[in-house]
file data.cif (mmCIF, C-alpha atoms and all ligand atoms)
data_structure
loop_
_atom_site.label_atom_id
_atom_site.label_comp_id
_atom_site.auth_asym_id
_atom_site.auth_seq_id
_atom_site.Cartn_x
_atom_site.Cartn_y
_atom_site.Cartn_z
CA MET A 2 120.96 99.57 110.93
CA PRO A 3 120.97 101.65 107.78
CA VAL A 4 119.74 105.21 107.55
CA VAL A 5 117.73 105.54 104.36
CA ARG A 6 116.46 108.60 102.50
CA THR A 7 113.22 108.93 100.57
CA GLU A 8 110.54 111.41 99.55
CA ALA A 9 107.41 111.25 101.68
CA ILE A 10 103.98 112.71 102.36
CA ALA A 11 102.90 112.80 106.00
CA LEU A 12 99.53 111.05 106.30
CA GLY A 13 98.91 110.92 110.04
CA ARG A 14 100.41 111.19 113.51
CA THR A 15 99.72 109.98 117.00
CA ASP A 16 101.31 111.03 120.29
CA TYR A 17 103.84 108.59 121.69
CA SER A 18 105.17 110.56 124.65
CA ASP A 19 105.44 114.21 125.71
CA SER A 20 108.15 114.88 123.20
CA SER A 21 107.65 112.30 120.48
CA GLN A 22 105.07 111.15 117.97
CA ILE A 23 104.56 108.28 115.60
CA ILE A 24 104.19 109.64 112.07
CA THR A 25 102.66 107.66 109.23
CA PHE A 26 104.25 108.56 105.90
CA PHE A 27 103.52 107.42 102.39
CA THR A 28 106.94 107.25 100.77
CA HIS A 29 108.33 107.07 97.26
CA ASP A 30 110.52 104.02 97.93
CA TYR A 31 108.98 102.08 100.82
CA GLY A 32 105.23 102.64 100.54
CA LYS A 33 103.47 103.36 103.82
CA ILE A 34 105.76 103.43 106.86
CA ARG A 35 105.44 104.38 110.51
CA ALA A 36 108.33 106.21 112.10
CA LEU A 37 108.99 107.31 115.66
CA ALA A 38 109.79 111.02 115.61
CA LYS A 39 111.64 111.96 118.81
CA GLY A 40 111.73 115.66 119.55
CA PHE A 41 109.69 116.47 116.44
CA LYS A 42 106.54 117.25 118.34
CA ARG A 43 105.01 120.67 117.90
CA SER A 44 105.73 122.93 120.85
CA SER A 45 104.89 126.51 121.61
CA GLY A 46 108.54 127.46 121.91
CA LYS A 47 111.19 128.12 119.34
CA HIS A 48 111.42 124.45 118.34
CA SER A 49 108.00 124.47 116.72
CA SER A 50 109.58 124.30 113.27
CA LYS A 51 110.60 120.72 114.01
CA ALA A 52 106.98 119.58 114.03
CA ILE A 53 105.85 117.41 111.14
CA ASP A 54 102.90 118.94 109.26
CA LEU A 55 100.29 116.57 107.91
CA LEU A 56 99.68 116.54 104.15
CA SER A 57 103.11 118.03 103.53
CA TYR A 58 105.90 116.83 101.27
CA TYR A 59 109.23 115.99 102.95
CA GLN A 60 112.55 114.48 102.18
CA ILE A 61 112.99 112.15 105.14
CA PHE A 62 115.87 110.17 106.61
CA PHE A 63 115.04 107.25 108.87
CA ILE A 64 116.67 104.26 110.51
CA LYS A 65 115.08 101.28 108.81
CA LYS A 66 114.37 98.56 111.36
CA GLU A 67 114.36 94.96 110.16
CA HIS A 68 112.33 93.25 112.85
CA THR A 69 109.67 95.82 113.65
CA SER A 70 107.44 97.99 111.53
CA LEU A 71 108.23 101.07 113.63
CA HIS A 72 111.24 102.85 112.17
CA THR A 73 113.06 105.88 113.64
CA LEU A 74 112.90 109.26 111.94
CA THR A 75 116.21 111.13 112.06
CA GLU A 76 115.57 114.11 109.78
CA ALA A 77 112.71 115.63 107.80
CA ILE A 78 113.35 118.42 105.30
CA LEU A 79 110.20 120.19 104.20
CA GLN A 80 109.80 120.41 100.42
CA ASN A 81 106.25 121.71 100.12
CA ASN A 82 103.52 122.26 102.70
CA TYR A 83 100.92 123.27 100.09
CA PRO A 84 100.01 126.57 101.82
CA THR A 85 96.72 127.03 99.93
CA LEU A 86 95.43 123.78 101.46
CA ARG A 87 95.85 125.34 104.92
CA ASN A 88 93.69 128.33 103.98
CA ASP A 89 90.85 126.44 102.32
CA LEU A 90 88.96 124.05 104.56
CA ASP A 91 87.21 122.29 101.69
CA LYS A 92 90.52 121.55 99.97
CA TYR A 93 92.08 120.48 103.25
CA TYR A 94 89.29 117.95 103.80
CA ARG A 95 89.77 116.61 100.29
CA ALA A 96 93.50 116.19 100.87
CA SER A 97 92.74 114.51 104.22
CA TYR A 98 90.43 112.12 102.39
CA MET A 99 93.27 111.18 100.04
CA ALA A 100 95.46 110.43 103.07
CA GLU A 101 92.68 108.32 104.59
CA LEU A 102 92.23 106.36 101.35
CA ILE A 103 95.96 105.57 101.14
CA ASN A 104 96.03 104.62 104.79
CA GLU A 105 93.09 102.26 104.40
CA PHE A 106 94.06 100.72 101.06
CA THR A 107 97.81 100.14 101.44
CA MET A 108 99.93 97.81 103.55
CA GLU A 109 103.07 98.96 105.34
CA ASN A 110 106.35 98.60 103.45
CA ASP A 111 104.58 97.77 100.19
CA SER A 112 105.98 100.35 97.81
CA SER A 113 104.16 101.87 94.85
CA GLU A 114 106.05 104.63 93.07
CA GLN A 115 103.05 105.06 90.77
CA LEU A 116 100.65 105.72 93.65
CA PHE A 117 103.14 108.11 95.26
CA LYS A 118 103.31 110.11 92.02
CA VAL A 119 99.51 110.20 91.75
CA LEU A 120 99.29 111.46 95.35
CA VAL A 121 101.88 114.21 94.78
CA ASN A 122 100.36 115.22 91.43
CA THR A 123 96.91 115.48 92.99
CA LEU A 124 98.14 117.48 96.00
CA ASP A 125 99.87 119.86 93.57
CA GLY A 126 96.71 120.06 91.47
CA ILE A 127 94.15 120.68 94.19
CA SER A 128 96.37 123.23 95.93
CA THR A 129 96.75 125.30 92.77
CA GLU A 130 93.44 124.85 90.94
CA GLN A 131 90.19 126.63 91.65
CA ASP A 132 88.08 123.48 91.57
CA ALA A 133 89.36 120.30 93.18
CA THR A 134 86.36 118.08 92.36
CA VAL A 135 87.63 116.40 89.20
CA ARG A 136 91.15 116.03 90.63
CA LEU A 137 89.76 114.12 93.59
CA LEU A 138 87.66 111.83 91.38
CA VAL A 139 90.73 111.04 89.29
CA PHE A 140 92.74 110.33 92.44
CA GLU A 141 90.13 107.87 93.73
CA ILE A 142 89.88 106.12 90.37
CA LYS A 143 93.64 105.93 89.79
CA LEU A 144 94.18 104.56 93.30
CA LEU A 145 91.65 101.80 92.56
CA LYS A 146 93.37 101.09 89.25
CA ILE A 147 96.92 100.95 90.65
CA LEU A 148 95.88 98.67 93.51
CA GLY A 149 93.95 96.31 91.23
CA TYR A 150 90.38 97.28 92.12
CA LEU A 151 89.35 99.01 88.90
CA PRO A 152 85.78 97.91 88.08
CA GLU A 153 84.28 97.45 84.60
CA TRP A 154 82.33 100.56 83.66
CA GLY A 155 81.93 100.27 79.87
CA CYS A 156 80.68 96.72 79.33
CA CYS A 157 78.30 94.45 81.21
CA VAL A 158 80.34 92.22 83.55
CA GLN A 159 78.11 89.23 82.70
CA CYS A 160 77.51 89.26 78.94
CA LYS A 161 80.50 91.52 78.07
CA ASN A 162 78.36 93.58 75.68
CA ARG A 163 78.82 97.32 75.61
CA ILE A 164 76.13 99.04 77.62
CA GLN A 165 73.57 100.40 75.14
CA GLU A 166 70.65 101.29 77.37
CA ALA A 167 70.06 104.85 78.46
CA SER A 168 68.70 103.78 81.86
CA GLY A 169 68.05 100.80 84.14
CA VAL A 170 71.74 99.92 84.33
CA ARG A 171 73.15 98.87 87.67
CA PHE A 172 76.63 99.10 89.13
CA SER A 173 77.32 96.18 91.43
CA ALA A 174 80.29 96.26 93.81
CA LYS A 175 79.99 92.49 94.29
CA GLU A 176 80.15 91.85 90.55
CA GLY A 177 82.85 94.47 90.07
CA GLY A 178 81.13 96.55 87.42
CA VAL A 179 78.00 97.44 85.51
CA LEU A 180 75.20 95.02 84.59
CA CYS A 181 72.91 95.53 81.61
CA GLN A 182 69.16 95.17 82.13
CA ARG A 183 69.09 91.65 80.63
CA CYS A 184 71.73 90.32 83.02
CA GLN A 185 70.16 91.70 86.18
CA THR A 186 68.18 89.30 88.33
CA LYS A 187 65.82 89.92 91.20
CA SER A 188 68.70 89.41 93.57
CA THR A 189 71.10 91.78 91.85
CA HIS A 190 72.54 94.17 94.40
CA GLY A 191 73.95 97.51 93.45
CA ILE A 192 72.95 101.04 92.57
CA LEU A 193 71.22 102.47 89.52
CA VAL A 194 73.64 104.42 87.34
CA THR A 195 73.67 106.22 84.02
CA PRO A 196 75.94 104.63 81.40
CA GLY A 197 77.27 108.06 80.36
CA ALA A 198 78.69 108.80 83.80
CA MET A 199 80.22 105.30 83.97
CA LEU A 200 81.94 105.80 80.60
CA ILE A 201 83.41 109.06 81.86
CA ALA A 202 84.66 107.31 85.03
CA GLY A 203 86.40 104.78 82.76
CA ARG A 204 88.04 107.56 80.76
CA LEU A 205 89.24 109.31 83.92
CA ALA A 206 91.15 106.11 84.81
CA GLU A 207 93.28 106.59 81.68
CA MET A 208 93.56 110.37 81.92
CA ASN A 209 96.96 112.04 81.75
CA PHE A 210 97.50 114.49 84.62
CA LEU A 211 98.82 117.13 82.23
CA LYS A 212 95.46 117.23 80.46
CA LEU A 213 93.33 117.41 83.59
CA ASP A 214 93.06 121.19 83.73
CA ARG A 215 91.26 121.09 80.39
CA ILE A 216 88.54 118.75 81.65
CA LYS A 217 85.23 120.32 82.52
CA LEU A 218 82.53 118.01 83.82
CA HIS A 219 78.95 118.83 84.65
CA LEU A 220 78.41 118.83 88.41
CA SER A 221 75.68 116.15 88.18
CA ILE A 222 78.16 113.78 86.46
CA CYS A 223 80.76 114.41 89.19
CA VAL A 224 78.15 113.78 91.89
CA GLU A 225 77.03 110.51 90.29
CA ILE A 226 80.60 109.23 89.90
CA GLU A 227 81.50 110.22 93.48
CA LYS A 228 78.40 108.45 94.87
CA MET A 229 79.23 105.32 92.90
CA LEU A 230 82.85 105.42 94.11
CA ARG A 231 81.81 105.80 97.75
CA TYR A 232 79.42 102.88 97.45
CA TYR A 233 82.17 100.79 95.81
CA ILE A 234 84.93 101.82 98.26
CA ALA A 235 82.65 101.14 101.26
CA SER A 236 81.99 97.65 99.85
CA ILE A 237 85.69 96.91 99.42
CA LEU A 238 86.74 98.22 102.85
CA ASN A 239 83.54 97.09 104.52
CA LYS A 240 83.11 100.46 106.23
CA GLU A 241 82.38 104.14 105.68
CA LEU A 242 85.30 106.54 105.68
CA ASN A 243 85.54 109.38 108.22
CA SER A 244 86.26 112.04 105.61
CA TRP A 245 82.89 111.49 103.91
CA LYS A 246 81.25 113.34 106.79
CA TYR A 247 83.17 116.47 105.83
CA ILE A 248 83.04 116.39 102.03
CA LYS A 249 79.57 116.82 100.62
CA VAL A 250 78.72 115.00 97.42
ZN ZN A 301 74.64 91.88 80.25
#
call {"tool": "encode", "arguments": {"input": "data.cif", "output": "structure tokens"}}
result
Amino acid sequence: MPVVRTEAIALGRTDYSDSSQIITFFTHDYGKIRALAKGFKRSSGKHSSKAIDLLSYYQIFFIKKEHTSLHTLTEAILQNNYPTLRNDLDKYYRASYMAELINEFTMENDSSEQLFKVLVNTLDGISTEQDATVRLLVFEIKLLKILGYLPEWGCCVQCKNRIQEASGVRFSAKEGGVLCQRCQTKSTHGILVTPGAMLIAGRLAEMNFLKLDRIKLHLSICVEIEKMLRYYIASILNKELNSWKYIKV
């Protein structure tokens, strides 16, 4: 069985035995994988450096199994453990939320180099920037876009006209976008939104990471976009995410 090498972010881990764990990685070349890490478990002794830290960037080597989804980790070389994330609980929760989103939205062994780059860029960004709010919004939106869930925010999903109204517009997860007042019926589900915030959400989907540090958004806009995203993500996954309890909107 071949030993393969790839770049990876550790998303989660569960105990397997006294001395081994199963680590979930999101990798550059193989998407999400689970690997048995023998002897990598954190211990109080001198071998503690072998433990795999969550939300850290590794170069990993693993034996790629053909007939099971559980591979075997042979080596993990730490590239970046984003130290500022460890000292800032709010940022750590945001990074954990990103890991939870990837875990929930992706299938094992379904690679997406684009999503890997967005994850690494965002971890870099939130660990170095003062304010992580916009970075996280962009991460959520780009994840939806890459995985084919990007809703329509600029035009009404029914009549296709650009949204002109200043109020009374709804965002419907079921319809996959905004509905103008004329196209809403009594049975229209969804949440009331302001067209301005939805237009900004649409622009964030196209935003270049290099330009993100120049973006300043009013807190109320960020809050509205985040609420809309949570409502939409909960509708897609049919559940609430754990991290929402720890990150206030
Ligand atoms: Zn309409």
call {"tool": "closest_residue", "arguments": {"input": "data.cif", "among": "A:Asp89, A:Glu176, A:Asp214, A:Glu114", "to": "Ala9 of chain A", "atoms": "only C-alpha atoms"}}
result
A:Glu114
call {"tool": "closest_residue", "arguments": {"input": "data.cif", "among": "A:Leu120, A:Cys160, A:Ala52, A:Met208", "to": "ligand ZN 301 (chain A)", "atoms": "all atoms listed in the file"}}
result
A:Cys160
call {"tool": "residues_near_ligand", "arguments": {"input": "data.cif", "ligand": "ligand ZN 301 (chain A)", "cutoff": "7 Å", "atoms": "all atoms listed in the file", "output": "short mmCIF file (atom, residue, chain, number, x, y, z; two decimals) with C-alpha atoms, in the frame of the given file"}}
result
data_model
loop_
_atom_site.label_atom_id
_atom_site.label_comp_id
_atom_site.auth_asym_id
_atom_site.auth_seq_id
_atom_site.Cartn_x
_atom_site.Cartn_y
_atom_site.Cartn_z
CA CYS A 157 78.30 94.45 81.21
CA VAL A 158 80.34 92.22 83.55
CA GLN A 159 78.11 89.23 82.70
CA CYS A 160 77.51 89.26 78.94
CA LYS A 161 80.50 91.52 78.07
CA ASN A 162 78.36 93.58 75.68
CA LEU A 180 75.20 95.02 84.59
CA CYS A 181 72.91 95.53 81.61
CA GLN A 182 69.16 95.17 82.13
CA ARG A 183 69.09 91.65 80.63
CA CYS A 184 71.73 90.32 83.02
#
call {"tool": "atom_distance", "arguments": {"input": "data.cif", "atom1": "atom CA of Ala174 of chain A", "atom2": "atom CA of Ser236 of chain A"}}
result
6.4 Å
call {"tool": "closest_residue", "arguments": {"input": "data.cif", "among": "A:Lys51, A:Arg136, A:Lys240, A:Lys228", "to": "Ile216 of chain A", "atoms": "only C-alpha atoms"}}
result
A:Arg136
call {"tool": "residues_around", "arguments": {"input": "data.cif", "residues": "Ile10 of chain A", "least_positions_apart": "4", "cutoff": "7 Å", "atoms": "all atoms listed in the file", "output": "MDAnalysis selection string"}}
result
chainID A and resid 26:28 56:59
call {"tool": "residues_near_point", "arguments": {"input": "data.cif", "point": "(102.2, 116.5, 93.8)", "cutoff": "12 Å", "atoms": "only C-alpha atoms", "output": "PyMOL selection string"}}
result
chain A and resi 8-10+29+56-59+80-83+96+115-129+136+140+210
call {"tool": "atom_distance", "arguments": {"input": "data.cif", "atom1": "atom CA of Leu71 of chain A", "atom2": "atom CA of Ser21 of chain A"}}
result
13.2 Å
call {"tool": "atom_distance", "arguments": {"input": "data.cif", "atom1": "atom CA of Tyr31 of chain A", "atom2": "atom CA of Leu205 of chain A"}}
result
27.0 Å
call {"tool": "closest_residue", "arguments": {"input": "data.cif", "among": "A:Asp91, A:Asn110, A:Thr189, A:Ser221", "to": "Lys246 of chain A", "atoms": "all atoms listed in the file"}}
result
A:Asp91
call {"tool": "residues_around", "arguments": {"input": "data.cif", "residues": "segment 198-201 of chain A", "least_positions_apart": "2", "cutoff": "8 Å", "atoms": "all atoms listed in the file", "output": "list in words"}}
result
Trp154, Gly155, Val194, Thr195, Pro196, Gly203, Arg204, Leu205, Ile222, Glu225 and Ile226 of chain A
call {"tool": "closest_residue", "arguments": {"input": "data.cif", "among": "A:Leu86, A:Ile234, A:Ala36, A:Val4", "to": "Glu130 of chain A", "atoms": "all atoms listed in the file"}}
result
A:Leu86
call {"tool": "residues_around", "arguments": {"input": "data.cif", "residues": "Leu242 of chain A", "least_positions_apart": "5", "cutoff": "10 Å", "atoms": "only C-alpha atoms", "output": "JSON, numbers by chain"}}
result
{"A": [98, 101, 102, 105, 231, 234, 235]}
call {"tool": "closest_residue", "arguments": {"input": "data.cif", "among": "A:Met108, A:Ile53, A:Leu193, A:Ile24", "to": "Leu37 of chain A", "atoms": "only C-alpha atoms"}}
result
A:Ile24
call {"tool": "axis_aligned_box", "arguments": {"input": "data.cif", "around": "segment 8-26 of chain A", "padding_each_side": "5 Å", "output": "lines of an AutoDock Vina configuration file"}}
result
center_x = 104.7
center_y = 111.3
center_z = 112.6
size_x = 21.6
size_y = 17.2
size_z = 36.2
